[in-house]
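Q: What follows is a structure written as structure tokens; I'll ask about it next.
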Amino acid sequence: MPKWPAILKLHGDPELMFVGSQTAFTSDPTITELVLSPDDYLIDSDGKVFRVMAEAHNPIGISQAMGRFEYDEVMQLVREHLFSFGNTCIPKLHLANIPAAIAFIGKIE
């Protein structure tokens, strides 16, 4: 089970989606109405990576953890997210840890 909050990374899209809780993940139409790819994943506050999937009887679900991202990998995703919006001071961005990086995405949404 993910440690919330988390970020959702959709395959082929540099933008990240902040997901504050399990309830938000399963009930927010912004998330539940997505057309998911097998390459989409959720990164929790511990850096654990979970595949997300939609099923006929369960609209959206989470697999068992399939790995872990390190701080640098999460920060690279955050920088790519910011760059997609035209931000230019990205190399100067430093956040203390993975939970801080995820919280940052939540604050800028």
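In the structure tokens, the first chain shown is A, the next is B, and so on; residue numbers restart at 1 for each chain, and ligands run from 1 in the order shown.
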Using DSSP assignments from the backbone, pull out every residue in region 35-94 of chain A that falls under alpha helix (DSSP H) and give it to me as a VMD selection string.

A: chain A and resid 71 to 84

Q: To one decimal place in Å, what is the distance between CA of Thr23 (chain A) and CA of Phe50 (chain A)?

A: 16.4 Å

Q: Determine which residues of chain A receive a DSSP assignment of strand (DSSP E), computed from the backbone, and state them as a VMD selection string.

A: chain A and resid 6 to 9 16 to 19 41 to 44 48 to 53 61 to 68

Q: I need the chosen residues saved as a PDB file, in the first residue's frame, with N, CA and C atoms.

A:
ATOM      1  N   ALA A   6       1.254  11.109  -2.821  1.00  0.00           N
ATOM      2  CA  ALA A   6       2.036  10.496  -3.887  1.00  0.00           C
ATOM      3  C   ALA A   6       1.909  11.357  -5.152  1.00  0.00           C
ATOM      4  N   ILE A   7       2.670  10.975  -6.166  1.00  0.00           N
ATOM      5  CA  ILE A   7       2.528  11.618  -7.473  1.00  0.00           C
ATOM      6  C   ILE A   7       2.268  10.547  -8.525  1.00  0.00           C
ATOM      7  N   LEU A   8       1.434  10.892  -9.479  1.00  0.00           N
ATOM      8  CA  LEU A   8       1.097  10.003 -10.584  1.00  0.00           C
ATOM      9  C   LEU A   8       1.869  10.462 -11.808  1.00  0.00           C
ATOM     10  N   LYS A   9       2.573   9.533 -12.432  1.00  0.00           N
ATOM     11  CA  LYS A   9       3.360   9.814 -13.644  1.00  0.00           C
ATOM     12  C   LYS A   9       2.750   9.031 -14.792  1.00  0.00           C
ATOM     13  N   LEU A  16       3.302  15.867 -13.792  1.00  0.00           N
ATOM     14  CA  LEU A  16       3.006  14.992 -12.667  1.00  0.00           C
ATOM     15  C   LEU A  16       1.681  15.411 -12.059  1.00  0.00           C
ATOM     16  N   MET A  17       0.967  14.449 -11.500  1.00  0.00           N
ATOM     17  CA  MET A  17      -0.290  14.737 -10.822  1.00  0.00           C
ATOM     18  C   MET A  17      -0.128  14.418  -9.343  1.00  0.00           C
ATOM     19  N   PHE A  18      -0.443  15.376  -8.492  1.00  0.00           N
ATOM     20  CA  PHE A  18      -0.396  15.177  -7.053  1.00  0.00           C
ATOM     21  C   PHE A  18      -1.626  14.385  -6.630  1.00  0.00           C
ATOM     22  N   VAL A  19      -1.416  13.384  -5.792  1.00  0.00           N
ATOM     23  CA  VAL A  19      -2.513  12.575  -5.255  1.00  0.00           C
ATOM     24  C   VAL A  19      -2.355  12.586  -3.738  1.00  0.00           C
ATOM     25  N   TYR A  41       2.582   5.040 -13.632  1.00  0.00           N
ATOM     26  CA  TYR A  41       2.905   4.580 -12.288  1.00  0.00           C
ATOM     27  C   TYR A  41       2.725   5.685 -11.255  1.00  0.00           C
ATOM     28  N   LEU A  42       2.651   5.247 -10.011  1.00  0.00           N
ATOM     29  CA  LEU A  42       2.490   6.110  -8.855  1.00  0.00           C
ATOM     30  C   LEU A  42       3.769   6.019  -8.023  1.00  0.00           C
ATOM     31  N   ILE A  43       4.264   7.158  -7.556  1.00  0.00           N
ATOM     32  CA  ILE A  43       5.436   7.186  -6.678  1.00  0.00           C
ATOM     33  C   ILE A  43       4.964   7.721  -5.335  1.00  0.00           C
ATOM     34  N   ASP A  44       5.146   6.918  -4.290  1.00  0.00           N
ATOM     35  CA  ASP A  44       4.672   7.344  -2.974  1.00  0.00           C
ATOM     36  C   ASP A  44       5.733   8.146  -2.224  1.00  0.00           C
ATOM     37  N   LYS A  48       8.578   4.495  -3.286  1.00  0.00           N
ATOM     38  CA  LYS A  48       8.149   3.222  -3.867  1.00  0.00           C
ATOM     39  C   LYS A  48       7.316   3.480  -5.111  1.00  0.00           C
ATOM     40  N   VAL A  49       7.502   2.618  -6.104  1.00  0.00           N
ATOM     41  CA  VAL A  49       6.823   2.754  -7.384  1.00  0.00           C
ATOM     42  C   VAL A  49       5.754   1.671  -7.497  1.00  0.00           C
ATOM     43  N   PHE A  50       4.549   2.097  -7.855  1.00  0.00           N
ATOM     44  CA  PHE A  50       3.408   1.195  -8.010  1.00  0.00           C
ATOM     45  C   PHE A  50       2.816   1.381  -9.397  1.00  0.00           C
ATOM     46  N   ARG A  51       2.556   0.298 -10.080  1.00  0.00           N
ATOM     47  CA  ARG A  51       1.860   0.382 -11.362  1.00  0.00           C
ATOM     48  C   ARG A  51       0.392   0.664 -11.087  1.00  0.00           C
ATOM     49  N   VAL A  52      -0.207   1.533 -11.877  1.00  0.00           N
ATOM     50  CA  VAL A  52      -1.637   1.813 -11.756  1.00  0.00           C
ATOM     51  C   VAL A  52      -2.354   1.156 -12.915  1.00  0.00           C
ATOM     52  N   MET A  53      -3.581   0.732 -12.660  1.00  0.00           N
ATOM     53  CA  MET A  53      -4.311   0.023 -13.705  1.00  0.00           C
ATOM     54  C   MET A  53      -5.801   0.243 -13.543  1.00  0.00           C
ATOM     55  N   GLY A  61      -6.813   0.809  -9.861  1.00  0.00           N
ATOM     56  CA  GLY A  61      -6.165   0.030  -8.819  1.00  0.00           C
ATOM     57  C   GLY A  61      -4.669   0.265  -8.807  1.00  0.00           C
ATOM     58  N   ILE A  62      -4.027  -0.306  -7.809  1.00  0.00           N
ATOM     59  CA  ILE A  62      -2.594  -0.159  -7.617  1.00  0.00           C
ATOM     60  C   ILE A  62      -1.989  -1.540  -7.445  1.00  0.00           C
ATOM     61  N   SER A  63      -0.891  -1.804  -8.141  1.00  0.00           N
ATOM     62  CA  SER A  63      -0.188  -3.080  -7.997  1.00  0.00           C
ATOM     63  C   SER A  63       0.644  -3.079  -6.718  1.00  0.00           C
ATOM     64  N   GLN A  64       1.253  -4.188  -6.447  1.00  0.00           N
ATOM     65  CA  GLN A  64       2.253  -4.227  -5.377  1.00  0.00           C
ATOM     66  C   GLN A  64       3.430  -3.349  -5.801  1.00  0.00           C
ATOM     67  N   ALA A  65       4.188  -2.873  -4.829  1.00  0.00           N
ATOM     68  CA  ALA A  65       5.360  -2.051  -5.149  1.00  0.00           C
ATOM     69  C   ALA A  65       6.280  -2.841  -6.080  1.00  0.00           C
ATOM     70  N   MET A  66       6.757  -2.159  -7.120  1.00  0.00           N
ATOM     71  CA  MET A  66       7.594  -2.834  -8.111  1.00  0.00           C
ATOM     72  C   MET A  66       8.994  -2.254  -8.167  1.00  0.00           C
ATOM     73  N   GLY A  67       9.353  -1.504  -7.163  1.00  0.00           N
ATOM     74  CA  GLY A  67      10.679  -0.908  -7.128  1.00  0.00           C
ATOM     75  C   GLY A  67      10.652   0.354  -6.303  1.00  0.00           C
ATOM     76  N   ARG A  68      11.746   1.064  -6.369  1.00  0.00           N
ATOM     77  CA  ARG A  68      11.856   2.300  -5.588  1.00  0.00           C
ATOM     78  C   ARG A  68      12.686   3.313  -6.361  1.00  0.00           C
TER      79      ARG A  68
END

Q: Determine the nearest neighbour of Asp39 (chain A) from the options A:Leu10, A:Ala96, A:Ala24, A:Ala54, counting only C-alpha atoms.

A: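 Nearest candidate to Asp39 (chain A) out of A:Leu10, A:Ala96, A:Ala24, A:Ala54: A:Leu10.
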
Q: Listing only residues of region 8-89 of chain A within 7 Å of region 97-109 of chain A, what is the closest atom pair and its distance in Å (to one decimal) for each, using only C-alpha atoms, sorted by chain and residue number ascending, as JSON lines?

A:
{"residue": "A:Phe18", "atom": "CA", "partner": "A:Gly106", "partner_atom": "CA", "distance": 5.2}
{"residue": "A:Ser45", "atom": "CA", "partner": "A:Pro99", "partner_atom": "CA", "distance": 4.8}
{"residue": "A:Asp46", "atom": "CA", "partner": "A:Ile98", "partner_atom": "CA", "distance": 6.8}
{"residue": "A:Gly47", "atom": "CA", "partner": "A:Ile98", "partner_atom": "CA", "distance": 6.5}
{"residue": "A:Tyr71", "atom": "CA", "partner": "A:Ile98", "partner_atom": "CA", "distance": 5.7}
{"residue": "A:Val74", "atom": "CA", "partner": "A:Ile98", "partner_atom": "CA", "distance": 6.8}
{"residue": "A:Met75", "atom": "CA", "partner": "A:Ala101", "partner_atom": "CA", "distance": 6.9}

Q: Write out, as a PDB file, in the first residue's frame, the residues just selected, with N, CA and C atoms.

A:
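again_17.pdb, written as the output of this step:
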ATOM      1  N   PHE A  18      -0.443  15.376  -8.492  1.00  0.00           N
ATOM      2  CA  PHE A  18      -0.396  15.177  -7.053  1.00  0.00           C
ATOM      3  C   PHE A  18      -1.626  14.385  -6.630  1.00  0.00           C
ATOM      4  N   SER A  45       5.396   8.558  -1.015  1.00  0.00           N
ATOM      5  CA  SER A  45       6.289   9.410  -0.226  1.00  0.00           C
ATOM      6  C   SER A  45       7.565   8.717   0.234  1.00  0.00           C
ATOM      7  N   ASP A  46       7.623   7.403   0.104  1.00  0.00           N
ATOM      8  CA  ASP A  46       8.857   6.666   0.401  1.00  0.00           C
ATOM      9  C   ASP A  46       9.679   6.411  -0.857  1.00  0.00           C
ATOM     10  N   GLY A  47       9.166   6.831  -2.019  1.00  0.00           N
ATOM     11  CA  GLY A  47       9.854   6.586  -3.277  1.00  0.00           C
ATOM     12  C   GLY A  47       9.476   5.262  -3.919  1.00  0.00           C
ATOM     13  N   TYR A  71      16.026   9.683  -4.469  1.00  0.00           N
ATOM     14  CA  TYR A  71      15.777  11.125  -4.435  1.00  0.00           C
ATOM     15  C   TYR A  71      16.098  11.787  -5.774  1.00  0.00           C
ATOM     16  N   VAL A  74      13.442  11.176  -8.443  1.00  0.00           N
ATOM     17  CA  VAL A  74      12.221  11.941  -8.204  1.00  0.00           C
ATOM     18  C   VAL A  74      12.450  13.405  -8.557  1.00  0.00           C
ATOM     19  N   MET A  75      13.589  13.942  -8.172  1.00  0.00           N
ATOM     20  CA  MET A  75      13.888  15.338  -8.501  1.00  0.00           C
ATOM     21  C   MET A  75      13.966  15.556 -10.010  1.00  0.00           C
TER      22      MET A  75
END

Q: When you look at Ile90 (chain A) with a cut-off of 12 Å (counting only C-alpha atoms), what residues show up, excluding the ones that are within fewer than 2 positions of it in the same chain? I need them as a list in words.

A: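 The filter keeps Met75, Gln76, Leu77, Val78, Arg79, Glu80, His81, Leu82, Phe83, Ser84, Phe85, Gly86, Asn87, Thr88, Lys92, Leu93, His94 and Leu95 of chain A.
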
Q: What separation in Å, quoted to one decimal, exists between CA of Pro2 (chain A) and CA of Pro91 (chain A)?

A: 28.7 Å

Q: What does the structure give for the distance between CA of Asp72 (chain A) and CA of Glu15 (chain A), in Å to one decimal?

A: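 Separation between CA of Asp72 (chain A) and CA of Glu15 (chain A): 17.1 Å.
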